[in-house]
file query05.txt (compact mmCIF, C-alpha atoms and all ligand atoms)
# COMPACT_ATOMS: atom_id res chain seq x y z
CA MET A 1 0.00 0.00 0.00
CA PRO A 2 2.52 2.49 -1.13
CA ILE A 3 2.31 6.25 -1.38
CA LYS A 4 5.23 8.42 -2.37
CA ILE A 5 5.29 11.74 -0.52
CA PRO A 6 8.15 14.01 0.58
CA ASP A 7 10.15 12.67 3.54
CA ASP A 8 9.42 15.65 5.77
CA LEU A 9 5.72 16.14 4.91
CA PRO A 10 3.89 16.01 8.29
CA ALA A 11 1.51 13.37 6.87
CA ARG A 12 4.41 10.88 6.69
CA ASP A 13 4.80 10.39 10.46
CA THR A 14 1.04 10.19 10.98
CA LEU A 15 0.53 7.62 8.23
CA GLU A 16 3.53 5.50 9.18
CA ALA A 17 2.24 5.35 12.76
CA GLU A 18 -1.09 4.12 11.38
CA GLY A 19 0.60 1.41 9.32
CA VAL A 20 0.10 2.99 5.89
CA MET A 21 3.11 2.10 3.74
CA VAL A 22 4.94 5.28 2.79
CA MET A 23 7.63 4.71 0.18
CA GLY A 24 11.14 5.98 -0.13
CA GLU A 25 12.62 6.86 -3.51
CA ALA A 26 14.79 3.69 -3.61
CA ASP A 27 11.83 1.33 -3.16
CA ALA A 28 9.80 3.26 -5.68
CA ILE A 29 12.52 2.83 -8.29
CA ARG A 30 13.07 -0.85 -7.42
CA GLN A 31 9.42 -1.65 -8.13
CA ASP A 32 9.98 -0.52 -11.72
CA VAL A 33 6.38 0.52 -12.37
CA ARG A 34 4.94 3.78 -13.48
CA PRO A 35 3.38 5.30 -10.35
CA LEU A 36 -0.02 6.88 -10.74
CA ARG A 37 0.38 10.66 -10.65
CA ILE A 38 -2.32 12.13 -8.43
CA GLY A 39 -2.62 15.89 -7.90
CA LEU A 40 -4.36 17.43 -4.89
CA LEU A 41 -5.55 21.02 -5.24
CA ASN A 42 -6.00 21.81 -1.56
CA LEU A 43 -8.47 24.63 -0.92
CA MET A 44 -9.09 23.78 2.74
CA PRO A 45 -7.74 26.17 5.38
CA ASN A 46 -6.42 23.30 7.52
CA LYS A 47 -4.21 22.05 4.70
CA ILE A 48 -1.93 19.72 6.67
CA CYS A 49 -4.93 17.87 8.09
CA THR A 50 -6.52 17.52 4.65
CA GLU A 51 -3.28 16.34 3.00
CA THR A 52 -3.08 13.59 5.59
CA GLN A 53 -6.72 12.55 5.15
CA ILE A 54 -6.40 12.27 1.38
CA ALA A 55 -2.96 10.62 1.44
CA ARG A 56 -4.28 8.05 3.92
CA LEU A 57 -7.00 7.00 1.48
CA ILE A 58 -5.18 7.03 -1.83
CA GLY A 59 -2.14 5.43 -0.21
CA ALA A 60 -4.07 2.41 0.99
CA THR A 61 -4.36 0.55 -2.32
CA PRO A 62 -1.84 -1.93 -3.76
CA LEU A 63 -0.76 0.60 -6.40
CA GLN A 64 2.11 3.03 -6.25
CA VAL A 65 0.83 6.59 -6.05
CA GLU A 66 2.88 9.77 -6.35
CA LEU A 67 1.13 12.71 -4.73
CA THR A 68 1.63 16.26 -6.00
CA LEU A 69 0.31 19.02 -3.74
CA VAL A 70 -1.08 21.94 -5.70
CA ARG A 71 -2.22 25.40 -4.63
CA ILE A 72 -4.12 28.21 -6.24
CA SER A 73 -1.48 30.37 -7.89
CA ASP A 74 -2.10 33.74 -6.28
CA HIS A 75 -3.97 32.85 -3.05
CA VAL A 76 -1.88 33.34 0.09
CA PRO A 77 -3.35 31.00 2.75
CA ARG A 78 -4.07 32.56 6.13
CA HIS A 79 -4.12 29.34 8.10
CA THR A 80 -1.12 27.35 6.82
CA PRO A 81 2.50 28.37 7.51
CA VAL A 82 4.25 29.93 4.53
CA ASP A 83 7.23 27.58 4.83
CA HIS A 84 4.91 24.55 4.56
CA MET A 85 3.40 25.96 1.37
CA THR A 86 6.83 26.83 -0.01
CA SER A 87 8.31 23.43 0.82
CA PHE A 88 5.54 21.15 -0.38
CA TYR A 89 3.15 22.93 -2.74
CA ARG A 90 3.38 23.91 -6.38
CA ALA A 91 1.24 26.64 -7.86
CA TRP A 92 -1.28 25.42 -10.43
CA GLN A 93 0.28 27.68 -13.05
CA ASP A 94 3.54 25.74 -12.56
CA VAL A 95 1.96 22.30 -13.05
CA ARG A 96 -0.51 23.16 -15.80
CA ALA A 97 1.83 21.90 -18.50
CA GLU A 98 1.90 18.47 -16.83
CA ARG A 99 -0.53 15.55 -16.94
CA PHE A 100 -2.10 13.66 -14.08
CA ASP A 101 -3.78 10.29 -13.85
CA GLY A 102 -6.02 11.64 -11.11
CA PHE A 103 -6.75 15.09 -9.72
CA ILE A 104 -8.61 15.84 -6.48
CA ILE A 105 -10.02 19.26 -5.59
CA THR A 106 -11.06 19.72 -1.96
CA GLY A 107 -13.85 21.58 -0.24
CA ALA A 108 -13.43 25.17 0.97
CA PRO A 109 -15.23 27.23 3.62
CA VAL A 110 -16.50 29.70 1.02
CA GLU A 111 -19.77 27.94 0.25
CA ARG A 112 -21.99 30.77 1.45
CA LEU A 113 -20.34 33.21 -0.94
CA SER A 114 -21.58 33.33 -4.49
CA PHE A 115 -19.06 31.68 -6.80
CA ARG A 116 -18.02 34.96 -8.39
CA ASP A 117 -17.14 36.42 -4.96
CA VAL A 118 -14.51 33.74 -4.36
CA THR A 119 -11.23 35.45 -5.13
CA TYR A 120 -9.84 32.47 -7.04
CA TRP A 121 -13.03 31.66 -8.99
CA ASP A 122 -11.54 32.62 -12.38
CA GLU A 123 -8.49 30.44 -11.79
CA LEU A 124 -10.63 27.57 -10.54
CA ARG A 125 -12.71 27.74 -13.73
CA ARG A 126 -9.48 27.53 -15.71
CA VAL A 127 -8.44 24.55 -13.57
CA PHE A 128 -11.75 22.78 -14.34
CA ASP A 129 -11.24 23.37 -18.08
CA TRP A 130 -7.63 22.19 -17.85
CA THR A 131 -8.71 18.93 -16.20
CA GLN A 132 -10.53 18.10 -19.42
CA THR A 133 -7.27 17.93 -21.34
CA ASN A 134 -4.58 17.16 -18.78
CA VAL A 135 -6.24 14.83 -16.27
CA HIS A 136 -7.55 11.32 -16.74
CA ARG A 137 -10.03 11.23 -13.80
CA CYS A 138 -11.13 13.93 -11.33
CA LEU A 139 -12.63 13.80 -7.86
CA ASN A 140 -14.23 17.00 -6.58
CA ILE A 141 -15.17 17.23 -2.91
CA CYS A 142 -17.89 19.31 -1.21
CA TRP A 143 -17.62 22.97 -2.33
CA ALA A 144 -15.37 21.96 -5.24
CA ALA A 145 -18.08 19.51 -6.34
CA GLN A 146 -20.71 22.26 -6.15
CA ALA A 147 -18.39 24.53 -8.11
CA ALA A 148 -17.71 21.84 -10.73
CA VAL A 149 -21.38 21.06 -11.44
CA HIS A 150 -22.02 24.80 -11.64
CA HIS A 151 -19.16 25.29 -14.07
CA PHE A 152 -19.82 22.28 -16.25
CA HIS A 153 -23.62 22.01 -16.00
CA GLY A 154 -24.87 25.39 -14.78
CA MET A 155 -26.37 23.84 -11.64
CA PRO A 156 -27.13 26.37 -8.88
CA LYS A 157 -26.14 26.12 -5.24
CA HIS A 158 -28.97 26.65 -2.72
CA CYS A 159 -28.71 27.87 0.88
CA LEU A 160 -30.16 25.48 3.46
CA PRO A 161 -32.50 26.69 6.22
CA ARG A 162 -30.08 25.13 8.72
CA LYS A 163 -26.68 23.51 8.39
CA ALA A 164 -26.71 19.87 7.28
CA PHE A 165 -24.40 18.56 9.94
CA GLY A 166 -23.76 15.05 11.13
CA VAL A 167 -23.44 11.48 9.92
CA TYR A 168 -26.34 10.59 7.62
CA ASP A 169 -27.53 7.33 6.11
CA HIS A 170 -27.22 7.28 2.34
CA ARG A 171 -28.65 4.89 -0.18
CA VAL A 172 -26.42 3.42 -2.89
CA LEU A 173 -28.41 3.77 -6.12
CA VAL A 174 -26.10 2.19 -8.69
CA PRO A 175 -24.42 -0.81 -7.08
CA ALA A 176 -22.99 -1.81 -10.47
CA SER A 177 -20.96 1.39 -10.73
CA PRO A 178 -17.23 0.62 -10.74
CA TYR A 179 -16.84 3.28 -8.05
CA LEU A 180 -19.21 1.46 -5.69
CA VAL A 181 -17.85 -2.08 -5.86
CA GLY A 182 -18.17 -3.67 -2.44
CA PHE A 183 -20.45 -0.99 -1.00
CA SER A 184 -23.29 -2.02 1.25
CA ASP A 185 -26.79 -0.80 0.36
CA ASP A 186 -26.70 1.88 3.05
CA VAL A 187 -23.67 4.00 3.77
CA CYS A 188 -22.98 6.43 6.64
CA VAL A 189 -21.39 9.64 5.38
CA PRO A 190 -20.30 12.77 7.29
CA VAL A 191 -22.11 15.86 6.01
CA SER A 192 -21.16 19.42 6.90
CA ARG A 193 -22.54 22.17 4.73
CA TRP A 194 -24.78 25.21 4.70
CA THR A 195 -25.68 24.76 1.05
CA GLU A 196 -26.73 22.07 -1.41
CA VAL A 197 -27.17 21.26 -5.07
CA ARG A 198 -30.40 19.52 -5.95
CA ARG A 199 -31.45 16.53 -8.00
CA ALA A 200 -34.23 18.62 -9.57
CA ASP A 201 -31.58 20.93 -11.06
CA ILE A 202 -29.72 18.15 -12.89
CA PRO A 203 -30.07 19.09 -16.55
CA ALA A 204 -31.61 16.51 -18.86
CA HIS A 205 -29.00 14.92 -21.14
CA SER A 206 -26.15 16.02 -18.85
CA GLY A 207 -25.11 12.39 -18.44
CA LEU A 208 -24.93 12.96 -14.67
CA THR A 209 -25.88 9.88 -12.67
CA VAL A 210 -26.76 9.95 -8.98
CA LEU A 211 -24.68 7.23 -7.33
CA ALA A 212 -25.64 7.89 -3.70
CA GLU A 213 -28.24 10.03 -2.00
CA SER A 214 -29.74 10.65 1.43
CA GLU A 215 -33.41 11.22 2.27
CA GLN A 216 -32.41 13.93 4.73
CA THR A 217 -29.48 15.65 3.03
CA GLY A 218 -30.00 14.93 -0.66
CA LEU A 219 -27.35 14.39 -3.29
CA CYS A 220 -24.12 12.83 -2.12
CA LEU A 221 -22.21 11.39 -5.07
CA LEU A 222 -22.59 12.07 -8.80
CA ASP A 223 -20.85 10.35 -11.67
CA ASP A 224 -20.09 12.76 -14.51
CA PRO A 225 -18.66 10.60 -17.29
CA SER A 226 -18.62 13.36 -19.91
CA HIS A 227 -16.17 15.26 -17.67
CA HIS A 228 -14.52 12.06 -16.36
CA SER A 229 -15.30 13.27 -12.86
CA LEU A 230 -16.88 12.17 -9.61
CA HIS A 231 -18.58 14.88 -7.55
CA MET A 232 -18.75 14.09 -3.82
CA PHE A 233 -20.78 16.65 -1.85
CA ASN A 234 -19.93 15.25 1.58
CA HIS A 235 -16.86 14.24 3.54
CA LEU A 236 -15.97 10.54 3.60
CA GLU A 237 -12.35 11.65 4.06
CA TYR A 238 -13.03 13.29 7.43
CA ASP A 239 -11.24 12.04 10.55
CA SER A 240 -13.28 10.66 13.45
CA THR A 241 -13.10 14.01 15.23
CA SER A 242 -13.47 16.45 12.29
CA LEU A 243 -17.17 17.09 12.89
CA ALA A 244 -16.51 17.44 16.64
CA ASP A 245 -13.77 19.99 15.93
CA GLU A 246 -16.20 22.00 13.78
CA TYR A 247 -18.95 21.68 16.40
CA PHE A 248 -16.79 22.89 19.31
CA ARG A 249 -15.36 25.68 17.12
CA ASP A 250 -18.87 26.89 16.27
CA VAL A 251 -20.08 26.62 19.88
CA ALA A 252 -17.06 28.66 21.00
CA ASN A 253 -18.00 31.27 18.39
CA GLY A 254 -21.59 31.41 19.64
CA VAL A 255 -22.98 29.63 16.56
CA ASP A 256 -25.59 27.18 17.80
CA ILE A 257 -26.34 24.61 15.14
CA GLY A 258 -27.16 21.77 17.53
CA VAL A 259 -25.12 18.62 18.04
CA PRO A 260 -24.20 16.79 14.83
CA HIS A 261 -26.79 14.19 13.81
CA ASN A 262 -26.02 10.54 14.63
CA TYR A 263 -22.44 11.24 15.66
CA PHE A 264 -21.73 11.45 19.38
CA PRO A 265 -22.95 8.39 21.35
CA ASP A 266 -26.42 9.35 22.71
CA ASP A 267 -25.84 12.81 21.19
CA ASP A 268 -23.56 13.52 24.13
CA PRO A 269 -20.70 15.79 22.97
CA THR A 270 -18.62 14.83 26.01
CA ARG A 271 -18.29 11.30 24.61
CA ALA A 272 -15.91 10.27 21.85
CA PRO A 273 -17.58 9.94 18.43
CA ILE A 274 -17.67 6.56 16.70
CA ASN A 275 -16.34 6.40 13.14
CA ARG A 276 -18.91 4.54 10.99
CA TRP A 277 -17.66 5.69 7.58
CA ARG A 278 -13.96 4.79 7.48
CA SER A 279 -14.41 1.54 5.56
CA HIS A 280 -16.50 3.17 2.83
CA ALA A 281 -13.99 6.02 2.56
CA HIS A 282 -11.29 3.47 1.79
CA LEU A 283 -13.55 1.57 -0.57
CA LEU A 284 -14.44 4.63 -2.64
CA ALA A 285 -10.83 5.80 -2.83
CA GLY A 286 -9.65 2.29 -3.72
CA ASN A 287 -12.30 1.92 -6.43
CA TRP A 288 -11.42 5.34 -7.87
CA ILE A 289 -7.69 4.52 -7.94
CA ASN A 290 -8.40 1.09 -9.42
CA ARG A 291 -10.59 2.64 -12.12
CA ILE A 292 -7.80 5.07 -13.00
CA TYR A 293 -5.26 2.27 -13.17
CA GLN A 294 -7.47 0.17 -15.44
CA THR A 295 -8.10 2.95 -17.93
CA THR A 296 -5.26 5.49 -17.93
CA PRO A 297 -2.75 5.29 -20.79
CA PHE A 298 0.63 3.83 -19.89
CA ASP A 299 2.24 6.75 -21.68
CA ILE A 300 1.10 9.63 -19.49
CA THR A 301 1.69 12.16 -22.28
CA ARG A 302 -1.26 10.57 -24.09
CA ILE A 303 -3.74 11.67 -21.42
CA GLY A 304 -6.28 13.95 -22.99
CA ARG A 305 -5.51 12.85 -26.52
CA PRO A 306 -8.31 11.28 -28.51
CA GLY A 307 -8.37 7.50 -28.22
CA ALA A 308 -6.00 7.38 -25.26
CA VAL A 309 -6.75 4.11 -23.52
CA SER A 310 -4.94 1.82 -21.17
CA HIS A 311 -2.11 -0.28 -22.48
CA HIS A 312 -1.41 -1.88 -19.15
CA PRO A 313 -1.25 -5.63 -19.45
CA ALA A 314 -4.43 -6.86 -17.76
CA PRO A 315 -3.53 -7.80 -14.21
CA ALA A 316 -5.04 -10.91 -12.70
CA GLY A 317 -8.63 -10.30 -11.67
CA ARG A 318 -8.87 -7.14 -13.71
CA VAL A 319 -12.31 -5.54 -13.64
CA ARG A 320 -13.90 -5.33 -17.06
CA GLU A 321 -14.80 -1.98 -18.56
CA ALA A 322 -17.97 -0.99 -16.80
CA VAL A 323 -21.26 -0.99 -18.60
CA PRO A 324 -22.62 2.53 -18.06
CA ALA A 325 -25.10 2.34 -15.23
CA HIS A 326 -28.47 3.98 -15.75
CA ALA A 327 -30.33 2.41 -12.88
CA ALA A 328 -30.85 5.75 -11.22
CA GLY A 329 -30.33 8.38 -13.85
CA PRO A 330 -30.90 12.06 -13.58
CA ALA A 331 -34.21 13.36 -12.40
C1 LIG A 401 -18.61 23.09 2.12
C2 LIG A 401 -17.27 22.54 2.20
O1 LIG A 401 -16.54 22.47 1.25
S1 LIG A 401 -16.82 21.99 3.71
C3 LIG A 401 -15.12 22.30 3.77
C4 LIG A 401 -14.79 23.48 4.57
N1 LIG A 401 -14.57 23.08 5.96
C5 LIG A 401 -13.56 23.52 6.64
O2 LIG A 401 -12.75 24.27 6.15
C6 LIG A 401 -13.44 23.05 8.03
C7 LIG A 401 -12.35 23.75 8.79
N2 LIG A 401 -12.43 25.21 8.68
C8 LIG A 401 -12.51 26.04 9.74
O3 LIG A 401 -12.60 25.57 10.87
C9 LIG A 401 -12.54 27.53 9.49
O4 LIG A 401 -12.67 27.78 8.13
C10 LIG A 401 -11.28 28.26 10.05
C11 LIG A 401 -11.34 28.20 11.57
C12 LIG A 401 -10.01 27.54 9.60
C13 LIG A 401 -11.21 29.68 9.53
O5 LIG A 401 -12.42 30.33 9.74
P1 LIG A 401 -12.59 31.92 9.60
O6 LIG A 401 -11.55 32.64 10.36
O7 LIG A 401 -14.01 32.20 9.93
O8 LIG A 401 -12.44 32.13 8.07
P2 LIG A 401 -11.35 32.91 7.21
O9 LIG A 401 -11.87 34.30 6.96
O10 LIG A 401 -9.98 32.80 7.74
O11 LIG A 401 -11.47 32.07 5.85
C14 LIG A 401 -11.34 30.69 5.79
C15 LIG A 401 -10.71 30.36 4.47
O12 LIG A 401 -11.51 30.82 3.39
C16 LIG A 401 -10.78 31.70 2.58
N3 LIG A 401 -11.63 32.76 2.09
C17 LIG A 401 -12.41 33.58 2.81
N4 LIG A 401 -13.04 34.45 1.98
C18 LIG A 401 -12.65 34.13 0.73
C19 LIG A 401 -12.97 34.63 -0.56
N5 LIG A 401 -13.81 35.63 -0.78
N6 LIG A 401 -12.39 34.05 -1.62
C20 LIG A 401 -11.53 33.01 -1.46
N7 LIG A 401 -11.19 32.50 -0.27
C21 LIG A 401 -11.74 33.07 0.80
C22 LIG A 401 -9.67 32.24 3.46
O13 LIG A 401 -8.60 32.71 2.71
C23 LIG A 401 -9.35 31.01 4.29
O14 LIG A 401 -8.60 30.06 3.58
P3 LIG A 401 -6.99 30.00 3.66
O15 LIG A 401 -6.59 29.52 4.98
O16 LIG A 401 -6.64 29.07 2.52
O17 LIG A 401 -6.52 31.39 3.42
N1 LIG A 402 -17.60 21.93 6.88
C1 LIG A 402 -17.55 23.34 7.00
C2 LIG A 402 -18.67 24.05 6.36
C3 LIG A 402 -18.25 25.46 6.09
O1 LIG A 402 -18.44 25.78 4.77
C4 LIG A 402 -17.31 23.78 8.42
O2 LIG A 402 -18.18 23.66 9.27
O3 LIG A 402 -16.21 24.22 8.65

call {"tool": "encode", "arguments": {"input": "query05.txt", "output": "structure tokens"}}
result
Amino acid sequence: MPIKIPDDLPARDTLEAEGVMVMGEADAIRQDVRPLRIGLLNLMPNKICTETQIARLIGATPLQVELTLVRISDHVPRHTPVDHMTSFYRAWQDVRAERFDGFIITGAPVERLSFRDVTYWDELRRVFDWTQTNVHRCLNICWAAQAAVHHFHGMPKHCLPRKAFGVYDHRVLVPASPYLVGFSDDVCVPVSRWTEVRRADIPAHSGLTVLAESEQTGLCLLDDPSHHSLHMFNHLEYDSTSLADEYFRDVANGVDIGVPHNYFPDDDPTRAPINRWRSHAHLLAGNWINRIYQTTPFDITRIGRPGAVSHHPAPAGRVREAVPAHAAGPA
């Protein structure tokens, strides 16, 4: 379960202590395989925490993954030390000539602003367009997913009457999707947002397919094959205590949103929360990485070129190309 990250990235110590295999350069070369190149455009304020969460998931598959940390070119983060950004991050404008097998864009606490009031909105729109030529598969999380379906499909973002906050049951609607292999019918997913995008706004003929949804909090996961993207509106990557951290932060700031749904035992915030989503977080990440591996061209320079398909020799047990799933198509 190898992930290649810089030796002194804080995530390394955390992941090694958890038993995630973090590779050195020598082992990576010895394996003599082309690692999957995954980029992470990190828009979260707590960047070190988010790097660790994502590295934990994409590093827990049998494939070698090389993680590139990417930042918005002209945004100076307020909450992450400058030397961390300088040491480990590359500006998007400096990686835009490169190609990636996978590219992840995180959430951001700007969801209550209109898109055009986000200072980096123009650059993010350019990033979305660039993913269509330079990235094989994308995964957009929370606000980035809302932004992506707005950019690509014109879907609006709606304010909620109260924050959707807690761990909610979700229904898997397309069990045959290659991204949902091994999922149970119901999945617990952490949700933490003041806004939503709605099924009723999915444009006809967009090709968007709802993969998972909750009765209480709506859309969770969309497959967007025409933009080779997954849009995840919630937070399977969250640590056990992420919702608690947000809850205590908000309480300290006098924001009373109530205790997170179905999270603390007996809704008692003095008790440690139980993580009911970790296994599905790993499953989704593993399925996404596997899907990339099965379909990305061996020659990475061919990504984005017409007809670029995998030339990997089929490994044992290789999953066949998925039949597009339409079991639960757009509304
Ligand atoms: C819906 C989702 O995607 S959920 C994901 C978001 N969740 C989280 O970020 C959880 C953790 N976050 C937090 O606890 C809080 O955001 C805090 C405590 C870190 C900071 O809160 P505040 O002080 O109220 O917000 P602050 O004004 O510093 O802005 C937060 C971030 O938004 C950015 N931001 C604020 N306004 C704008 C704007 N108009 N355009 C672009 N970015 C903006 C800030 O730059 C900052 O990010 P940075 O650290 O990369 O610079
Ligand atoms: N998950 C976020 C929502 C803010 O957009 C938080 O509570 O920090």

call {"tool": "closest_residue", "arguments": {"input": "query05.txt", "among": "A:Ala164, A:Cys159, A:Ala147, A:Ile3", "to": "A:Ile257", "atoms": "only C-alpha atoms"}}
result
A:Ala164

call {"tool": "atom_distance", "arguments": {"input": "query05.txt", "atom1": "atom CA of A:Ala97", "atom2": "atom CA of A:Thr131"}}
result
11.2 Å

call {"tool": "residues_near_ligand", "arguments": {"input": "query05.txt", "ligand": "ligand LIG 402 (chain A)", "cutoff": "6 Å", "atoms": "all atoms listed in the file", "output": "ChimeraX atom specification"}}
result
/A:109-111,192-193,246

call {"tool": "atom_distance", "arguments": {"input": "query05.txt", "atom1": "atom CA of A:Arg126", "atom2": "atom CA of A:Glu98"}}
result
14.6 Å

call {"tool": "atom_distance", "arguments": {"input": "query05.txt", "atom1": "atom CA of A:Trp92", "atom2": "atom CA of A:Ala285"}}
result
23.1 Å

call {"tool": "residues_near_point", "arguments": {"input": "query05.txt", "point": "(1.7, 20.4, -5.1)", "cutoff": "9 Å", "atoms": "only C-alpha atoms", "output": "PyMOL selection string"}}
result
chain A and resi 39-42+67-71+85+88-92+95

call {"tool": "closest_residue", "arguments": {"input": "query05.txt", "among": "A:Val76, A:Val259, A:Ala204, A:Val197", "to": "A:Met155", "atoms": "all atoms listed in the file"}}
result
A:Val197

call {"tool": "residues_near_ligand", "arguments": {"input": "query05.txt", "ligand": "ligand LIG 401 (chain A)", "cutoff": "8 Å", "atoms": "all atoms listed in the file", "output": "PyMOL selection string"}}
result
chain A and resi 43-47+75-80+106-111+113+117-121+141-144+192-195+233-235+242+245-246+249

call {"tool": "write_last_selection", "arguments": {"input": "query05.txt", "atoms": "C-alpha atoms", "output": "PDB file, in the coordinates of the input"}}
result
ATOM      1  CA  LEU A  43      -8.470  24.630  -0.920  1.00  0.00           C
ATOM      2  CA  MET A  44      -9.090  23.780   2.740  1.00  0.00           C
ATOM      3  CA  PRO A  45      -7.740  26.170   5.380  1.00  0.00           C
ATOM      4  CA  ASN A  46      -6.420  23.300   7.520  1.00  0.00           C
ATOM      5  CA  LYS A  47      -4.210  22.050   4.700  1.00  0.00           C
ATOM      6  CA  HIS A  75      -3.970  32.850  -3.050  1.00  0.00           C
ATOM      7  CA  VAL A  76      -1.880  33.340   0.090  1.00  0.00           C
ATOM      8  CA  PRO A  77      -3.350  31.000   2.750  1.00  0.00           C
ATOM      9  CA  ARG A  78      -4.070  32.560   6.130  1.00  0.00           C
ATOM     10  CA  HIS A  79      -4.120  29.340   8.100  1.00  0.00           C
ATOM     11  CA  THR A  80      -1.120  27.350   6.820  1.00  0.00           C
ATOM     12  CA  THR A 106     -11.060  19.720  -1.960  1.00  0.00           C
ATOM     13  CA  GLY A 107     -13.850  21.580  -0.240  1.00  0.00           C
ATOM     14  CA  ALA A 108     -13.430  25.170   0.970  1.00  0.00           C
ATOM     15  CA  PRO A 109     -15.230  27.230   3.620  1.00  0.00           C
ATOM     16  CA  VAL A 110     -16.500  29.700   1.020  1.00  0.00           C
ATOM     17  CA  GLU A 111     -19.770  27.940   0.250  1.00  0.00           C
ATOM     18  CA  LEU A 113     -20.340  33.210  -0.940  1.00  0.00           C
ATOM     19  CA  ASP A 117     -17.140  36.420  -4.960  1.00  0.00           C
ATOM     20  CA  VAL A 118     -14.510  33.740  -4.360  1.00  0.00           C
ATOM     21  CA  THR A 119     -11.230  35.450  -5.130  1.00  0.00           C
ATOM     22  CA  TYR A 120      -9.840  32.470  -7.040  1.00  0.00           C
ATOM     23  CA  TRP A 121     -13.030  31.660  -8.990  1.00  0.00           C
ATOM     24  CA  ILE A 141     -15.170  17.230  -2.910  1.00  0.00           C
ATOM     25  CA  CYS A 142     -17.890  19.310  -1.210  1.00  0.00           C
ATOM     26  CA  TRP A 143     -17.620  22.970  -2.330  1.00  0.00           C
ATOM     27  CA  ALA A 144     -15.370  21.960  -5.240  1.00  0.00           C
ATOM     28  CA  SER A 192     -21.160  19.420   6.900  1.00  0.00           C
ATOM     29  CA  ARG A 193     -22.540  22.170   4.730  1.00  0.00           C
ATOM     30  CA  TRP A 194     -24.780  25.210   4.700  1.00  0.00           C
ATOM     31  CA  THR A 195     -25.680  24.760   1.050  1.00  0.00           C
ATOM     32  CA  PHE A 233     -20.780  16.650  -1.850  1.00  0.00           C
ATOM     33  CA  ASN A 234     -19.930  15.250   1.580  1.00  0.00           C
ATOM     34  CA  HIS A 235     -16.860  14.240   3.540  1.00  0.00           C
ATOM     35  CA  SER A 242     -13.470  16.450  12.290  1.00  0.00           C
ATOM     36  CA  ASP A 245     -13.770  19.990  15.930  1.00  0.00           C
ATOM     37  CA  GLU A 246     -16.200  22.000  13.780  1.00  0.00           C
ATOM     38  CA  ARG A 249     -15.360  25.680  17.120  1.00  0.00           C
TER      39      ARG A 249
END

call {"tool": "closest_residue", "arguments": {"input": "query05.txt", "among": "A:Leu208, A:Leu173, A:Ile72, A:Ala60", "to": "A:Val127", "atoms": "only C-alpha atoms"}}
result
A:Ile72

call {"tool": "residues_around", "arguments": {"input": "query05.txt", "residues": "A:Gly19", "least_positions_apart": "3", "cutoff": "10 Å", "atoms": "all atoms listed in the file", "output": "list in words"}}
result
Met1, Asp13, Thr14, Leu15, Glu16, Val22, Arg56 and Ala60 of chain A

call {"tool": "closest_residue", "arguments": {"input": "query05.txt", "among": "A:Asp83, A:Leu9, A:Arg305, A:Leu63", "to": "A:Ile48", "atoms": "only C-alpha atoms"}}
result
A:Leu9

call {"tool": "closest_residue", "arguments": {"input": "query05.txt", "among": "A:Lys4, A:Arg125, A:Arg12, A:His84", "to": "A:Ala28", "atoms": "all atoms listed in the file"}}
result
A:Lys4

call {"tool": "closest_residue", "arguments": {"input": "query05.txt", "among": "A:Leu57, A:Leu124, A:Leu139, A:Met232", "to": "A:Ile105", "atoms": "only C-alpha atoms"}}
result
A:Leu139

call {"tool": "residues_near_point", "arguments": {"input": "query05.txt", "point": "(-6.5, 15.8, -23.0)", "cutoff": "6 Å", "atoms": "all atoms listed in the file", "output": "PyMOL selection string"}}
result
chain A and resi 132-134+303-305

call {"tool": "axis_aligned_box", "arguments": {"input": "query05.txt", "around": "stretch 140-147 of chain A", "padding_each_side": "8 Å", "output": "AutoDock Vina command-line options"}}
result
--center_x -17.5 --center_y 20.8 --center_z -4.7 --size_x 22.5 --size_y 23.5 --size_z 22.9

call {"tool": "residues_around", "arguments": {"input": "query05.txt", "residues": "A:Ile274", "least_positions_apart": "3", "cutoff": "7 Å", "atoms": "only C-alpha atoms", "output": "list in words"}}
result
Ser240, Tyr263 and Phe264 of chain A

call {"tool": "residues_around", "arguments": {"input": "query05.txt", "residues": "A:Leu243", "least_positions_apart": "3", "cutoff": "9 Å", "atoms": "all atoms listed in the file", "output": "ChimeraX atom specification"}}
result
/A:165-167,190-192,238-240,246-248,260,263

call {"tool": "residues_around", "arguments": {"input": "query05.txt", "residues": "A:Glu196", "least_positions_apart": "6", "cutoff": "8 Å", "atoms": "only C-alpha atoms", "output": "list of chain:residue names"}}
result
A:Gln146, A:Lys157, A:His158, A:Cys159, A:Leu160, A:Gly218, A:Leu219
